[in-house]
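A.B. asks: Quick one: this structure, given as structure tokens, is what I'll be asking you about.
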Amino acid sequence: MKAAFPVALALLFAGCSEVVGPGWELRVETSQAVYTLPDDPIIVTVTVPFTVRNVGARPVALDRCGALTAELQRLEAGAWVDIPSLTCLPGPNHEPMVLAPGATASGLASVSAAGEYRLRIPVAEEADGAFTSRAVSPSFFARSPES
């Protein structure tokens with residue numbers, strides 16, 4: 001029964017995500033509310049597909065390093081904590097993606113431990129601007145195979 005409450009809570013908030021910037025309306029959605037980690041000593045992560053949708057009236061720039069960039073956070077003791085990820089170095093693969101009104105972009109994140117997570121997507125007002133804002137997904141859960 002304990003496992004059912006976080007799942008129900010995640011489904012309740014699955015349609016919500018934070019709005020960033022004046023006039024910007026971005027929705028970040030994961031493909032599921034709950035992911036099960038692999039029961040395999042070699043494959044230790046689960047892939048979390050996500051989509052960013054611009055439901056606003058203005059284009060925005062999203063950070064990408066080859067693929068769409070997402071910052072992963074885990075809820076620990078009531079606070080969101082950044083989970084370290086690979087650093088993207090400046091270069092030809094690190095160019096912003098402009099997301100027009102009504103357009104979507106997709107990406108993948110990886111989770112390797114059980115817990116409650118969320119994704120933050122760096123956002124700028126212009127392609128050459130600073131990524132000072134973040135669009136945030138609803139929380140989702142990774143659980144161990146035994147759960």
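Going by the structure tokens order, chains are called A, B, ..., each with residues numbered from 1, while ligands are numbered from 1 in the order shown.
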Give me the residues near Phe141 in chain A as a PyMOL selection string, where near means some atom within 9 Å (using only C-alpha atoms) and where sequence neighbours in that chain fewer than 2 positions away do not count.

C.D. replies: chain A and resi 6-7+10+32-36+114-118+139+143

A.B. asks: What is the CA of Arg58 in chain A to CA of Ala103 in chain A distance in Å?

C.D. replies: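 CA of Ala103 in chain A lies 10.8 Å from CA of Arg58 in chain A.
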
A.B. asks: Mind pulling up the distance from CA of Ser106 in chain A to CA of Leu68 in chain A?

C.D. replies: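 Interatomic distance here is 6.9 Å.
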
A.B. asks: CA of Leu75 in chain A to CA of Phe140 in chain A: how many Å, to one decimal?

C.D. replies: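 Distance between the two atoms: 10.2 Å.
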
A.B. asks: In range 16-142 of chain A, what's strand (DSSP E) per DSSP? Answer as a compact mmCIF listing (two decimals) with C-alpha atoms, in the first residue's frame?

C.D. replies:
# COMPACT_ATOMS: atom_id res chain seq x y z
CA LEU A 26 6.58 25.13 -21.72
CA ARG A 27 5.34 21.71 -20.69
CA VAL A 28 7.85 19.01 -19.82
CA GLU A 29 6.40 15.50 -19.73
CA THR A 30 7.94 12.11 -19.11
CA VAL A 34 6.92 5.27 -12.59
CA TYR A 35 9.98 3.48 -14.03
CA THR A 36 11.40 0.18 -12.84
CA VAL A 46 16.56 3.04 -16.78
CA THR A 47 15.97 5.41 -19.69
CA VAL A 48 13.39 8.15 -19.16
CA PRO A 49 12.03 9.57 -22.44
CA PHE A 50 10.72 13.13 -22.14
CA THR A 51 9.07 15.75 -24.33
CA VAL A 52 9.15 19.55 -24.12
CA ARG A 53 6.17 21.30 -25.71
CA ASN A 54 6.00 25.05 -26.34
CA VAL A 60 12.28 29.92 -26.92
CA ALA A 61 15.77 28.45 -27.05
CA LEU A 62 16.55 25.14 -25.36
CA ARG A 64 21.38 20.93 -26.18
CA CYS A 65 24.63 19.04 -26.39
CA ALA A 67 20.71 15.94 -27.86
CA LEU A 68 18.30 18.01 -25.80
CA GLU A 71 19.17 18.38 -15.64
CA LEU A 72 18.15 15.55 -13.32
CA GLN A 73 17.14 16.22 -9.70
CA ARG A 74 16.20 13.78 -6.91
CA LEU A 75 14.02 14.61 -3.92
CA GLU A 76 16.06 14.08 -0.74
CA ALA A 79 14.62 19.27 -1.09
CA TRP A 80 15.48 18.85 -4.77
CA VAL A 81 19.15 17.88 -5.19
CA ASP A 82 21.05 18.03 -8.50
CA MET A 97 17.58 24.52 -30.30
CA VAL A 98 14.87 27.10 -31.05
CA LEU A 99 11.43 25.74 -30.18
CA THR A 104 7.88 19.82 -29.43
CA ALA A 105 11.35 18.44 -28.76
CA SER A 106 12.22 15.07 -27.27
CA GLY A 107 15.12 13.75 -25.25
CA LEU A 108 16.29 10.99 -22.94
CA ALA A 109 17.50 11.00 -19.36
CA SER A 110 18.97 8.12 -17.33
CA VAL A 111 18.22 7.17 -13.73
CA GLY A 115 13.70 7.60 -5.70
CA GLU A 116 11.53 10.54 -6.74
CA TYR A 117 12.95 12.65 -9.58
CA ARG A 118 12.21 15.57 -11.86
CA LEU A 119 13.81 17.05 -14.97
CA ARG A 120 14.81 20.67 -15.49
CA ILE A 121 15.28 21.96 -19.03
CA PRO A 122 17.55 25.03 -19.49
CA VAL A 123 15.71 27.79 -21.39
CA ALA A 124 16.77 31.12 -22.91
CA SER A 133 15.50 29.90 -16.69
CA ARG A 134 14.36 26.29 -16.32
CA ALA A 135 11.23 24.43 -17.39
CA VAL A 136 10.49 21.71 -14.84
CA PHE A 140 8.34 10.78 -11.47
CA PHE A 141 9.55 7.70 -9.62
CA ALA A 142 12.24 5.09 -10.20
